[in-house]
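Peer 1: Next up is a structure, given as structure tokens.
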Amino acid sequence: GERTYLLAEGAAYGLDAENGSVLWRRFVGFDTTYVPTRLEPKPDSDVLLVEAHPPAILRIDGATGALRWRAALDDLIVGAPVIADDSVLVATASTGIVVVDAESGARQGVWQLPQRLESGPATTRRGDHIYQLAGHSNLYSLVPAESKCEQVFYLGHLESTIDIAPIVAEPYVLIAANRSHDDSVLRVLATGTEGDLIERQQVNLSGHVRHAPIISDGRVILVTDLGAVYVFQIRPPEDPDPLVQVAERSAADAEHRIRYPLVESGELWYAGRALTRLTIHAARGRLEPRWLLHRDATFTQRPELLGDHLIHVRRLGGTAATVVTAADPQSGDTVWQTFLAAPLVGAPVLADDGS
């Protein structure tokens with residue numbers, strides 16, 4: 001009953017995760033980079049799609065691809081939609097954060113911010129705070145229950161130096177900011193006694209953080225675009241260092257490429273120039289390599305673990321075709337493959353028998 005969703009050549013797809021058969025396809029635009037978002041973490045969940053031009057959010061039946069609602073927006077969408085209780089938060093470049101009812105698609109309101117935005121919002125588990133980065137300088141801390149901005153925290157970042165939304169690793173908020181061509185800094189903010197944010201720590205990283213880290217079992221696991229892997233233990237607020245590094249792997253190469261991580265039960269898979277599996281030995285401070293597959297491929301989204309299938313999406317080298325593969329997560333052996341958006345290599349030929 002599980003399904004997997006992806007984006008390929010301007011279209012969103014829903015596939016049966018058991019055998020790879022295509023359930024539905026919907027064109028959303030070649031400028032769209034946001035993969036379908038599940039509304040809930042369960043097999044029969046609906047999904048949200050992002051259309052680029054004109055900008056809109058769509059709620060789609062996950063099994064059939066049927067449209068449930070379409071919420072048109074007035075401005076460029078700059079971040080993947082975020083689920084917050086019964087609402088969907090969508091960051092737009094100039095308007096602010098648009099709040100849409102998840103059930104009906106009706107617009108509920110807008111957080112109008114005085115600065116242009118470049119990335120999406122983040123929320124706490126309880127939904128009592130929304131954190132939104134401005135295009136430069138500031139981080140906004142918003143309180144939905146009171147419809148107010150609680151704090152404007154000055155970060156001092158420049159335009160186009162932060163690629164991802166804030167990372168909520170309670171009780172901290174993490175900001176990954178690019179600093180130079182080959183390095184970045186992870187800034188750790190903690191909530192003070194009166195709810196205000198206070199910077200507690202800065203951690204230097206090799207490469208840029210261009211995809212959201214994983215928060216799992218009290219740890220932060222991130223992979224930079226140079227292939228450097230970092231595992232941090234989240235410490236209590238009274239500890240002098242909120243994040244303590246417990247394992248690291250040096251940058252894999254000098255090529256900047258987005259790496260998409262997945263963590264489950266102490267195993268780390270990440271897709272970038274290849275699909276790599278590592279075992280996290282935090283007590284020994286080691287990341288043990290297991291295997292590496294599909295070297296020099298171009299992966300386009302985060303791998304997904306559904307049942308006993310590790311599902312990953314990559315471009316077929318030298319073509320526009322996209323390959324969706326379900327593999328055994330332990331061995332990497334292929335279970336099924338589906339090819340999508342593969343162009344014709346020649347004109348159709350009519351045979352004598354009419355086929």
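Convention: chains lettered A, B, ... in structure tokens order; per-chain residue numbering from 1; ligands numbered from 1 as shown.
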As a list in words, please: the residues near A:Arg200 (cut-off 10 Å, only C-alpha atoms, same-chain neighbours under 2 positions excluded).

Peer 2: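 Residues meeting the cut-off are Tyr172, Arg187, Val188, Leu189, Ala190, Thr191, Leu197, Ile198, Gln202, Pro237, Pro240, Asp241, Pro242 and Leu243 of chain A.
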
Peer 1: List as a ChimeraX atom specification the protein and nucleic acid residues near A:Asp183, meaning an atom at most 7 Å away when only C-alpha atoms are counted, but skip any in the same chain fewer than 2 places from it.

Peer 2: /A:178-181,205-208

Peer 1: Could you give me, as an NGL selection string, the residues within 10 Å of A:Tyr260, counting only C-alpha atoms and dropping anything in the same chain fewer than 3 positions from it?

Peer 2: :A and (210-214 or 222-225 or 227 or 257 or 269-272 or 275 or 299-303)

Peer 1: Could you write out the selected residues, including C-alpha atoms, as a short mmCIF file (atom, residue, chain, number, x, y, z; two decimals), in the first residue's frame?

Peer 2:
```
data_model
loop_
_atom_site.label_atom_id
_atom_site.label_comp_id
_atom_site.auth_asym_id
_atom_site.auth_seq_id
_atom_site.Cartn_x
_atom_site.Cartn_y
_atom_site.Cartn_z
CA ARG A 210 22.16 22.75 0.52
CA HIS A 211 19.70 20.15 1.77
CA ALA A 212 18.05 19.83 5.18
CA PRO A 213 19.98 17.76 7.75
CA ILE A 214 18.42 14.79 9.54
CA LEU A 222 24.29 16.59 7.83
CA VAL A 223 26.10 16.14 4.54
CA THR A 224 27.58 19.16 2.75
CA ASP A 225 27.73 19.68 -1.01
CA GLY A 227 30.45 15.26 0.59
CA ARG A 257 26.80 18.97 -5.65
CA TRP A 269 22.55 6.60 3.10
CA TYR A 270 23.22 9.69 1.05
CA ALA A 271 22.81 10.38 -2.65
CA GLY A 272 25.00 12.86 -4.49
CA LEU A 275 24.57 6.39 -3.53
CA PHE A 299 20.61 12.17 -7.90
CA THR A 300 17.66 14.54 -7.74
CA GLN A 301 16.00 14.03 -4.34
CA ARG A 302 16.32 12.43 -0.92
CA PRO A 303 16.23 8.59 -0.85
#
```

Peer 1: In terms of the shortest atom-to-atom distance over only C-alpha atoms, which of A:Val173, A:Ile311, A:Ala165, A:Ala347 is closest to A:Phe153?

Peer 2: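 Checking each candidate against A:Phe153, we get A:Val173 as the closest.
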
Peer 1: Which of stretch 58-189 of chain A counts as strand (DSSP E or B) under DSSP, as an MDAnalysis selection string please?

Peer 2: chainID A and resid 58:60 67:72 77 82:84 87:92 96:101 107:111 122:123 130:133 138:143 148:154 167:169 172:178 183:189

Peer 1: Need the shell around A:Phe339: protein/DNA/RNA residues with any atom at most 8 Å away, counting only C-alpha atoms. Skip same-chain ones fewer than 3 positions apart. Format as a PyMOL selection string?

Peer 2: chain A and resi 321-324+342

Peer 1: What would the file look like if the residues just selected were written as a compact mmCIF listing (two decimals), in the first residue's frame with all heavy atoms?

Peer 2:
```txt
# COMPACT_ATOMS: atom_id res chain seq x y z
N ALA A 321 16.45 11.18 -19.18
CA ALA A 321 15.65 10.14 -18.52
C ALA A 321 15.94 10.11 -17.03
O ALA A 321 17.06 10.34 -16.57
CB ALA A 321 15.93 8.78 -19.14
N THR A 322 14.90 9.79 -16.26
CA THR A 322 15.01 9.63 -14.82
C THR A 322 14.78 8.16 -14.48
O THR A 322 13.85 7.53 -14.98
CB THR A 322 13.98 10.50 -14.09
OG1 THR A 322 14.31 11.88 -14.29
CG2 THR A 322 13.95 10.21 -12.61
N VAL A 323 15.65 7.61 -13.61
CA VAL A 323 15.54 6.22 -13.19
C VAL A 323 15.13 6.18 -11.72
O VAL A 323 15.81 6.76 -10.87
CB VAL A 323 16.88 5.46 -13.36
CG1 VAL A 323 16.68 3.97 -13.07
CG2 VAL A 323 17.43 5.67 -14.74
N VAL A 324 14.01 5.53 -11.44
CA VAL A 324 13.56 5.31 -10.06
C VAL A 324 13.88 3.87 -9.71
O VAL A 324 13.45 2.95 -10.42
CB VAL A 324 12.06 5.58 -9.90
CG1 VAL A 324 11.67 5.56 -8.43
CG2 VAL A 324 11.66 6.88 -10.56
N ALA A 342 11.92 9.42 -20.48
CA ALA A 342 12.99 9.04 -21.41
C ALA A 342 12.61 9.47 -22.81
O ALA A 342 11.57 9.03 -23.33
CB ALA A 342 13.22 7.54 -21.35
```

Peer 1: Find the spatial neighbours of A:Pro289, counting only C-alpha atoms, within a cut-off of 8 Å - ignore same-chain residues fewer than 2 positions away - and output them as a PDB file with all heavy atoms, in the first residue's frame.

Peer 2:
```pdb
ATOM      1  N   THR A 276      25.667   6.225  -1.374  1.00  0.00           N
ATOM      2  CA  THR A 276      26.637   5.730  -0.405  1.00  0.00           C
ATOM      3  C   THR A 276      25.929   5.282   0.859  1.00  0.00           C
ATOM      4  O   THR A 276      25.002   5.944   1.326  1.00  0.00           O
ATOM      5  CB  THR A 276      27.655   6.830  -0.059  1.00  0.00           C
ATOM      6  OG1 THR A 276      28.283   7.297  -1.258  1.00  0.00           O
ATOM      7  CG2 THR A 276      28.722   6.318   0.890  1.00  0.00           C
ATOM      8  N   ARG A 277      26.369   4.158   1.411  1.00  0.00           N
ATOM      9  CA  ARG A 277      25.855   3.688   2.697  1.00  0.00           C
ATOM     10  C   ARG A 277      26.983   3.682   3.717  1.00  0.00           C
ATOM     11  O   ARG A 277      28.073   3.163   3.460  1.00  0.00           O
ATOM     12  CB  ARG A 277      25.270   2.279   2.578  1.00  0.00           C
ATOM     13  CG  ARG A 277      24.774   1.722   3.914  1.00  0.00           C
ATOM     14  CD  ARG A 277      24.429   0.245   3.838  1.00  0.00           C
ATOM     15  NE  ARG A 277      24.277  -0.309   5.184  1.00  0.00           N
ATOM     16  CZ  ARG A 277      24.418  -1.592   5.484  1.00  0.00           C
ATOM     17  NH1 ARG A 277      24.721  -2.471   4.544  1.00  0.00           N
ATOM     18  NH2 ARG A 277      24.276  -2.010   6.740  1.00  0.00           N
ATOM     19  N   LEU A 278      26.713   4.291   4.889  1.00  0.00           N
ATOM     20  CA  LEU A 278      27.646   4.310   6.003  1.00  0.00           C
ATOM     21  C   LEU A 278      26.932   3.818   7.261  1.00  0.00           C
ATOM     22  O   LEU A 278      25.729   4.021   7.409  1.00  0.00           O
ATOM     23  CB  LEU A 278      28.179   5.726   6.263  1.00  0.00           C
ATOM     24  CG  LEU A 278      28.842   6.480   5.113  1.00  0.00           C
ATOM     25  CD1 LEU A 278      29.105   7.916   5.520  1.00  0.00           C
ATOM     26  CD2 LEU A 278      30.145   5.812   4.718  1.00  0.00           C
ATOM     27  N   THR A 279      27.673   3.212   8.163  1.00  0.00           N
ATOM     28  CA  THR A 279      27.152   2.868   9.487  1.00  0.00           C
ATOM     29  C   THR A 279      27.727   3.848  10.494  1.00  0.00           C
ATOM     30  O   THR A 279      28.939   4.089  10.522  1.00  0.00           O
ATOM     31  CB  THR A 279      27.528   1.435   9.886  1.00  0.00           C
ATOM     32  OG1 THR A 279      26.950   0.522   8.948  1.00  0.00           O
ATOM     33  CG2 THR A 279      26.988   1.105  11.274  1.00  0.00           C
ATOM     34  N   LEU A 287      32.482   6.609  11.132  1.00  0.00           N
ATOM     35  CA  LEU A 287      31.484   6.382  10.088  1.00  0.00           C
ATOM     36  C   LEU A 287      32.072   5.301   9.189  1.00  0.00           C
ATOM     37  O   LEU A 287      33.022   5.544   8.447  1.00  0.00           O
ATOM     38  CB  LEU A 287      31.214   7.668   9.304  1.00  0.00           C
ATOM     39  CG  LEU A 287      30.503   8.776  10.081  1.00  0.00           C
ATOM     40  CD1 LEU A 287      30.587  10.100   9.333  1.00  0.00           C
ATOM     41  CD2 LEU A 287      29.041   8.413  10.312  1.00  0.00           C
ATOM     42  N   TRP A 291      28.989   0.450   1.285  1.00  0.00           N
ATOM     43  CA  TRP A 291      29.050   0.291  -0.174  1.00  0.00           C
ATOM     44  C   TRP A 291      28.788   1.628  -0.853  1.00  0.00           C
ATOM     45  O   TRP A 291      28.324   2.579  -0.241  1.00  0.00           O
ATOM     46  CB  TRP A 291      28.119  -0.783  -0.707  1.00  0.00           C
ATOM     47  CG  TRP A 291      26.710  -0.844  -0.187  1.00  0.00           C
ATOM     48  CD1 TRP A 291      26.198  -1.790   0.650  1.00  0.00           C
ATOM     49  CD2 TRP A 291      25.603   0.034  -0.485  1.00  0.00           C
ATOM     50  NE1 TRP A 291      24.858  -1.557   0.906  1.00  0.00           N
ATOM     51  CE2 TRP A 291      24.471  -0.446   0.211  1.00  0.00           C
ATOM     52  CE3 TRP A 291      25.474   1.168  -1.270  1.00  0.00           C
ATOM     53  CZ2 TRP A 291      23.234   0.182   0.146  1.00  0.00           C
ATOM     54  CZ3 TRP A 291      24.239   1.817  -1.330  1.00  0.00           C
ATOM     55  CH2 TRP A 291      23.138   1.303  -0.631  1.00  0.00           C
TER      56      TRP A 291
END
```

Peer 1: Can you pull out the residues contacting A:Leu39? Cut-off 8 Å, using only C-alpha atoms, and skip same-chain residues under 5 positions away; I want them as a VMD selection string.

Peer 2: chain A and resid 45 to 48 83

Peer 1: Show me, as a list of chain:residue names, the residues that have an atom within 6 Å of A:Val185 when counting only C-alpha atoms, minus same-chain residues fewer than 4 positions from it.

Peer 2: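 Using only C-alpha atoms, the neighbours found are A:Ala176, A:Ala177, A:Val203, A:Asn204, A:Leu205.
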
Peer 1: Go ahead and write the selection's residues with N, CA and C atoms as a PDB file, in the first residue's frame.

Peer 2:
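Output below, filename out_9.pdb:
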```
ATOM      1  N   ALA A 176      22.352  27.290   8.842  1.00  0.00           N
ATOM      2  CA  ALA A 176      23.548  26.939   8.073  1.00  0.00           C
ATOM      3  C   ALA A 176      23.789  28.028   7.036  1.00  0.00           C
ATOM      4  N   ALA A 177      24.853  28.812   7.227  1.00  0.00           N
ATOM      5  CA  ALA A 177      25.141  29.960   6.363  1.00  0.00           C
ATOM      6  C   ALA A 177      26.461  29.755   5.633  1.00  0.00           C
ATOM      7  N   VAL A 203      29.723  26.386  14.505  1.00  0.00           N
ATOM      8  CA  VAL A 203      30.501  25.216  14.105  1.00  0.00           C
ATOM      9  C   VAL A 203      30.906  25.380  12.648  1.00  0.00           C
ATOM     10  N   ASN A 204      32.192  25.271  12.366  1.00  0.00           N
ATOM     11  CA  ASN A 204      32.696  25.408  11.004  1.00  0.00           C
ATOM     12  C   ASN A 204      32.488  24.101  10.232  1.00  0.00           C
ATOM     13  N   LEU A 205      32.072  24.220   8.963  1.00  0.00           N
ATOM     14  CA  LEU A 205      31.800  23.067   8.118  1.00  0.00           C
ATOM     15  C   LEU A 205      32.561  23.197   6.810  1.00  0.00           C
TER      16      LEU A 205
END
```

Peer 1: When you draw a straight line from atom CA of A:Leu158 to atom CA of A:Ala134, how long is it in Å?

Peer 2: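 So the answer is 9.8 Å.
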
Peer 1: How many Å lie between atom CA of A:Ser331 and atom CA of A:Leu293, rounded to one decimal?

Peer 2: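 Atom-to-atom, atom CA of A:Ser331 and atom CA of A:Leu293 are spaced 10.2 Å apart.
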